[in-house]
Amino acid sequence: MVTRNVVAASALRVQEVRKSFAVPDAPGTMRLVLDSISFSVAAAELVSLIGPSGCGKSTLLRLIAGLDFPDAGKLLVGEEKILGPKAERGLVFQDPNLFPWLTVRRNIEAGLVARGVLQEKRTEVDEFMRLVGLEAFANSYPHHLSGGMAQRVALARALINHPKVLLLDEPLGALDAFTRMRMQDEVLRLWENRRTTMLLVTHDIDEAIYMSDRILIITPAPGRIDRKIDIELMRPRDRTSESFLRLRSEILEHLDLAGKTTANASA
Amino acid sequence: MKPVAGTNAVGLTNNQSTLSWLMQLAVPVATLIAFGVHLLFAKNAPPLETHSYILLFWEILGVSIVLAIAQTFWAGLRQWMRHMWPIFTAAILLLGVWDAITLGFHLLPLPYFPGPAAVLRSLISDRALLLDSTWHSLVLLLSGYTLGVIVGLISGVCIGWSSSVRYWGMPLLKVVGPIPATAWIPFSMVVAPSAIVSAAGLIALAVWFPVTMLTASGVSNTRASYLDVARTLGAGRAYLIFRVAIPAAVPNIFIGLFMGLGASFLTLVVAETVGVKSGLGWYVSWAQGWAEYGKVFAALVIMAAFFSTIMTLLFKLRDRVLVWQKGMIKW
């Protein structure tokens with residue numbers, strides 16, 4: 001029942017997607033990276049993809065961004081097929097990838113310039129700089145920014161296009177633990193403020209539980225969706241609450257990472 | 001270039017309110033020493049030749065004393081002097097050494113190696129022709145360099161961006177590019193309508209190769225993630241080329257511009273020596289023909305000032321354009 005409602009209002013649908021890559025060391029052979037991946041994300045939903053590295057999470061995100069194409073299956077935003085990159089699907093990487101030759105302000109403007117709408121939307125630049133709290137750094141160059149600040153610019157740069165879906169590829173992965181937790185709240189604030197649909201790739205289980213409405217666990221070689229977990233904790237969430245920790249150990253056990261007891265059990 | 005805060009070239013601390021006596025006296029004393037050396041040996045030279053050189057000594061002496069007084073109440077000047085004085089002192093002493101070697105002990109054969117006084121006199125007496133030659137060299141250099149840079153940037157971006165242009169263009173570039181531009185002289189003199197046009201074309205060719213090479217490598221090595229980000233922001237091809245690939249290539253492009261500038265100096269002088277009937281290169285070979293080696297040296301002095309000024313301007317331009325790199329890379 002719930003699933004049907006979600007599909008009806010879904011912003012993003014991934015249906016039976018397969019993707020393989022040529023193996024560089026062995027010419028002629030292909031490695032299956034994603035195998036029959038299907039899921040959908042409702043409008044304004046925040047969904048996390050978690051799984052060990054090499055499970056194809058980033059590949060999946062690149063397919064949705066339109067930077068790569070699947071071997072089989074369908075990818076849809078609303079009713080529209082994904083045929084290439086488009087401003088309606090923003091992408092933020094682990095490395096903020098700010099253009100180092102542009103100031104903070106010009107980086108945030110980049111999407112407007114690229115779409116040729118800077119003239120009419122100039123006022124939004126100030127709005128987004130305020131939104132991520134970087135007015136004071138408008139004229140700084142990216143190499144003067146700390147990791148957290150740079151990632152905030154990257155978020156503002158992606159959000160200024162009002163994307164239907166924001167794809168986040170381990171956006172907080174390079175930050176220290178304290179900055180990381182602060183940035184999780186920051187992303188949540190942006191999400192609540194803009195009601196943007198977000199798809200977050202992470203390998204931090206706490207981050208996934210803390211932030212998402214739903215978690216999709218992907219197992220590697222080839223990447224498959226192994227499990228979908230709805231997170232029904234009240235927001236703002238308490239990282240130390242009992243239900244949080246229970247979810248955490250449930251996921252860890254599922255990934256065979258819980259430690260001694262499960263290791264012994266599986267052995 | 002700037003002195004490290006707190007110390008300077010000779011290791012003295014900067015927090016004094018005046019220069020040390022050693023520093024204040026360095027230039028005047030060096031001037032007096034060089035002056036003395038000159039007077040000692042000048043009797044070997046015609047007095048007419050030494051007149052303006054002696055005048056120059058008086059001027060340096062006067063200016064250095066005035067500056068030594070002025071620096072006591074002008075901190076900016078003091079800072080500058082602290083940095084520049086050791087090198088000035090060395091330069092003036094070097095003039096004395098030059099005088100001793102040439103005029104004094106005749107260690108180098110005359111007339112090929114005149115003393116500083118003779119060079120200065122040539123510089124002054126032939127200033128009109130030298131100025132005119134410098135002007136002609138400047139016009140020729142700039143027209144050839146500009147042409148080479150424009151063509152080089154266009155071909156570099158095309159080769160760097162498009163794989164099909166790279167397939168056809170790169171072999172040509174690799175085969176033709178390394179030929180020194182001056183090797184084309186016999187050919188260019190036949191093809192071009194005039195020696196000036198031929199020289200400008202050769203300079204352009206010399207500049208074109210490194211600019212194309214470095215631009216192409218800069219553009220084709222643009223970080224893929226910058227392009228990916230731009231595409232997800234809605235960028236089309238024009239944005240990707242002109243606002244991502246080219247800005248990303250600018251540090252590389254400047255290396256090409258510097259290499260091209262060096263090649264253009266060389267080509268300019270050779271072209272002026274063999275074909276063009278004006279400019280500093282022509283002046284050198286003309287003066288040599290008359291065995292006026294004072295004039296040859298005078299032209300070399302002008303060339304040194306001329307070329308290093310242009311080089312400095314390019315450095316300044318780079319610092320301005322690449323301001324976003326400041327602190328990221330040590331020059």
# chains A, B, ... in the order shown; residues from 1 in each chain; ligands from 1
$ select_by_dssp --residues "range 76-235 of chain B" --states "helix (DSSP H, G or I)" --output "PyMOL selection string"
chain B and resi 76-104+116-125+127-161+163-176+181-191+195-220+224-232
$ closest_atom_pairs --of "chain B" --to "chain A" --cutoff "7 Å" --atoms "only C-alpha atoms" --output "JSON lines"
{"residue": "B:Ser225", "atom": "CA", "partner": "A:Asn97", "partner_atom": "CA", "distance": 6.9}
{"residue": "B:Tyr226", "atom": "CA", "partner": "A:Asn97", "partner_atom": "CA", "distance": 6.2}
{"residue": "B:Val229", "atom": "CA", "partner": "A:Leu91", "partner_atom": "CA", "distance": 6.9}
{"residue": "B:Arg231", "atom": "CA", "partner": "A:Pro85", "partner_atom": "CA", "distance": 5.8}
{"residue": "B:Thr232", "atom": "CA", "partner": "A:Pro85", "partner_atom": "CA", "distance": 5.1}
{"residue": "B:Leu233", "atom": "CA", "partner": "A:Ala87", "partner_atom": "CA", "distance": 4.7}
{"residue": "B:Gly234", "atom": "CA", "partner": "A:Ala87", "partner_atom": "CA", "distance": 4.4}
{"residue": "B:Ala235", "atom": "CA", "partner": "A:Ala114", "partner_atom": "CA", "distance": 4.6}
{"residue": "B:Gly236", "atom": "CA", "partner": "A:Ala114", "partner_atom": "CA", "distance": 6.9}
{"residue": "B:Tyr239", "atom": "CA", "partner": "A:Ala114", "partner_atom": "CA", "distance": 6.2}
{"residue": "B:Pro247", "atom": "CA", "partner": "A:Trp101", "partner_atom": "CA", "distance": 6.8}
{"residue": "B:Trp324", "atom": "CA", "partner": "A:Trp101", "partner_atom": "CA", "distance": 5.4}
{"residue": "B:Met328", "atom": "CA", "partner": "A:His143", "partner_atom": "CA", "distance": 6.8}
$ write_last_selection --atoms "all heavy atoms" --output "mmCIF file, in the first residue's frame"
data_model
loop_
_atom_site.group_PDB
_atom_site.id
_atom_site.type_symbol
_atom_site.label_atom_id
_atom_site.label_comp_id
_atom_site.auth_asym_id
_atom_site.auth_seq_id
_atom_site.Cartn_x
_atom_site.Cartn_y
_atom_site.Cartn_z
ATOM 1 N N SER B 225 36.275 15.658 -13.623
ATOM 2 C CA SER B 225 35.185 15.963 -12.698
ATOM 3 C C SER B 225 34.704 17.406 -12.850
ATOM 4 O O SER B 225 33.534 17.686 -12.615
ATOM 5 C CB SER B 225 35.616 15.677 -11.263
ATOM 6 O OG SER B 225 36.825 16.314 -10.986
ATOM 7 N N TYR B 226 35.589 18.331 -13.251
ATOM 8 C CA TYR B 226 35.127 19.704 -13.514
ATOM 9 C C TYR B 226 34.116 19.694 -14.653
ATOM 10 O O TYR B 226 33.092 20.381 -14.616
ATOM 11 C CB TYR B 226 36.292 20.620 -13.906
ATOM 12 C CG TYR B 226 37.248 20.967 -12.790
ATOM 13 C CD1 TYR B 226 38.570 21.309 -13.066
ATOM 14 C CD2 TYR B 226 36.838 20.978 -11.464
ATOM 15 C CE1 TYR B 226 39.464 21.630 -12.067
ATOM 16 C CE2 TYR B 226 37.719 21.294 -10.452
ATOM 17 C CZ TYR B 226 39.040 21.623 -10.754
ATOM 18 O OH TYR B 226 39.908 21.942 -9.767
ATOM 19 N N VAL B 229 30.843 18.088 -13.426
ATOM 20 C CA VAL B 229 30.068 19.028 -12.610
ATOM 21 C C VAL B 229 29.382 20.043 -13.508
ATOM 22 O O VAL B 229 28.185 20.302 -13.391
ATOM 23 C CB VAL B 229 30.967 19.741 -11.580
ATOM 24 C CG1 VAL B 229 30.277 20.966 -11.024
ATOM 25 C CG2 VAL B 229 31.333 18.801 -10.453
ATOM 26 N N ARG B 231 28.522 19.827 -16.570
ATOM 27 C CA ARG B 231 27.431 19.248 -17.354
ATOM 28 C C ARG B 231 26.187 19.045 -16.494
ATOM 29 O O ARG B 231 25.066 19.274 -16.956
ATOM 30 C CB ARG B 231 27.885 17.927 -17.975
ATOM 31 C CG ARG B 231 28.891 18.151 -19.111
ATOM 32 C CD ARG B 231 29.621 16.877 -19.475
ATOM 33 N NE ARG B 231 28.797 15.978 -20.237
ATOM 34 C CZ ARG B 231 28.994 14.656 -20.278
ATOM 35 N NH1 ARG B 231 29.964 14.112 -19.587
ATOM 36 N NH2 ARG B 231 28.208 13.900 -20.997
ATOM 37 N N THR B 232 26.372 18.635 -15.233
ATOM 38 C CA THR B 232 25.178 18.474 -14.399
ATOM 39 C C THR B 232 24.602 19.827 -13.981
ATOM 40 O O THR B 232 23.502 19.891 -13.470
ATOM 41 C CB THR B 232 25.467 17.657 -13.118
ATOM 42 O OG1 THR B 232 26.434 18.352 -12.347
ATOM 43 C CG2 THR B 232 25.973 16.277 -13.431
ATOM 44 N N LEU B 233 25.361 20.904 -14.185
ATOM 45 C CA LEU B 233 24.811 22.235 -13.912
ATOM 46 C C LEU B 233 24.103 22.788 -15.144
ATOM 47 O O LEU B 233 23.621 23.912 -15.121
ATOM 48 C CB LEU B 233 25.934 23.196 -13.492
ATOM 49 C CG LEU B 233 26.579 22.922 -12.139
ATOM 50 C CD1 LEU B 233 27.753 23.843 -11.910
ATOM 51 C CD2 LEU B 233 25.562 23.091 -11.023
ATOM 52 N N GLY B 234 24.085 22.034 -16.209
ATOM 53 C CA GLY B 234 23.371 22.470 -17.401
ATOM 54 C C GLY B 234 24.246 23.098 -18.462
ATOM 55 O O GLY B 234 23.751 23.809 -19.333
ATOM 56 N N ALA B 235 25.560 22.846 -18.385
ATOM 57 C CA ALA B 235 26.472 23.495 -19.324
ATOM 58 C C ALA B 235 26.408 22.855 -20.705
ATOM 59 O O ALA B 235 26.327 21.637 -20.827
ATOM 60 C CB ALA B 235 27.903 23.421 -18.796
ATOM 61 N N GLY B 236 26.457 23.695 -21.724
ATOM 62 C CA GLY B 236 26.582 23.217 -23.099
ATOM 63 C C GLY B 236 28.043 23.220 -23.510
ATOM 64 O O GLY B 236 28.930 23.487 -22.697
ATOM 65 N N TYR B 239 30.137 26.480 -22.986
ATOM 66 C CA TYR B 239 30.515 26.698 -21.589
ATOM 67 C C TYR B 239 31.661 25.764 -21.215
ATOM 68 O O TYR B 239 32.627 26.181 -20.576
ATOM 69 C CB TYR B 239 29.309 26.456 -20.674
ATOM 70 C CG TYR B 239 29.562 26.846 -19.233
ATOM 71 C CD1 TYR B 239 29.167 28.088 -18.764
ATOM 72 C CD2 TYR B 239 30.202 25.979 -18.347
ATOM 73 C CE1 TYR B 239 29.397 28.462 -17.455
ATOM 74 C CE2 TYR B 239 30.446 26.341 -17.045
ATOM 75 C CZ TYR B 239 30.037 27.587 -16.596
ATOM 76 O OH TYR B 239 30.302 27.959 -15.295
ATOM 77 N N PRO B 247 39.915 28.023 -18.904
ATOM 78 C CA PRO B 247 40.429 28.515 -17.609
ATOM 79 C C PRO B 247 41.302 27.475 -16.905
ATOM 80 O O PRO B 247 42.326 27.815 -16.309
ATOM 81 C CB PRO B 247 39.165 28.790 -16.799
ATOM 82 C CG PRO B 247 38.084 28.961 -17.782
ATOM 83 C CD PRO B 247 38.443 28.164 -18.986
ATOM 84 N N TRP B 324 43.983 33.532 -8.721
ATOM 85 C CA TRP B 324 43.277 32.464 -8.001
ATOM 86 C C TRP B 324 44.197 31.354 -7.556
ATOM 87 O O TRP B 324 43.838 30.529 -6.719
ATOM 88 C CB TRP B 324 42.153 31.897 -8.856
ATOM 89 C CG TRP B 324 42.536 31.414 -10.228
ATOM 90 C CD1 TRP B 324 42.553 32.155 -11.374
ATOM 91 C CD2 TRP B 324 42.958 30.101 -10.611
ATOM 92 N NE1 TRP B 324 42.945 31.391 -12.435
ATOM 93 C CE2 TRP B 324 43.199 30.123 -12.009
ATOM 94 C CE3 TRP B 324 43.138 28.906 -9.919
ATOM 95 C CZ2 TRP B 324 43.615 28.998 -12.718
ATOM 96 C CZ3 TRP B 324 43.564 27.794 -10.635
ATOM 97 C CH2 TRP B 324 43.789 27.850 -12.008
ATOM 98 N N MET B 328 48.330 28.634 -3.619
ATOM 99 C CA MET B 328 48.141 27.242 -3.994
ATOM 100 C C MET B 328 49.456 26.675 -4.506
ATOM 101 O O MET B 328 49.818 25.554 -4.241
ATOM 102 C CB MET B 328 47.102 27.191 -5.114
ATOM 103 C CG MET B 328 46.162 26.038 -5.037
ATOM 104 S SD MET B 328 44.606 26.497 -5.786
ATOM 105 C CE MET B 328 44.797 25.894 -7.421
#
$ residues_around --residues "Asp213 in chain A" --least-positions-apart "3" --cutoff "7 Å" --atoms "only C-alpha atoms" --output "list in words"
Glu45, Leu46, Val47, Asp230, Ile231 and Glu232 of chain A
$ atom_distance --atom1 "CA of Glu207 in chain A" --atom2 "CA of Asp68 in chain A"
26.9 Å
$ residues_around --residues "Leu75 in chain A" --least-positions-apart "3" --cutoff "9 Å" --atoms "only C-alpha atoms" --output "PDB file with C-alpha atoms, in the first residue's frame"
ATOM      1  CA  LEU A  12      12.949   9.233  -9.684  1.00  0.00           C
ATOM      2  CA  ARG A  13      12.530   5.691 -10.886  1.00  0.00           C
ATOM      3  CA  VAL A  14      15.234   3.161 -11.577  1.00  0.00           C
ATOM      4  CA  GLN A  15      13.986   0.013 -13.289  1.00  0.00           C
ATOM      5  CA  GLU A  16      15.983  -3.168 -13.841  1.00  0.00           C
ATOM      6  CA  VAL A  17      19.204  -1.289 -14.497  1.00  0.00           C
ATOM      7  CA  LEU A  63      23.808   6.810 -14.449  1.00  0.00           C
ATOM      8  CA  ILE A  64      21.113   8.887 -12.787  1.00  0.00           C
ATOM      9  CA  PRO A  70      23.047   1.700 -18.565  1.00  0.00           C
ATOM     10  CA  GLU A  80      10.889  11.601 -18.552  1.00  0.00           C
ATOM     11  CA  LYS A  81      13.662   9.237 -19.576  1.00  0.00           C
ATOM     12  CA  ILE A  82      17.208  10.233 -18.583  1.00  0.00           C
ATOM     13  CA  LEU A  83      19.169  10.819 -21.781  1.00  0.00           C
TER      14      LEU A  83
END
$ residues_around --residues "Arg239 in chain A" --least-positions-apart "3" --cutoff "9 Å" --atoms "only C-alpha atoms" --output "number ranges by chain"
A: 206, 209-210, 242, 244-245
$ closest_residue --among "A:Gly223, A:Ile205, A:Ile251, A:Leu49" --to "Lys19 in chain A" --atoms "only C-alpha atoms"
A:Gly223
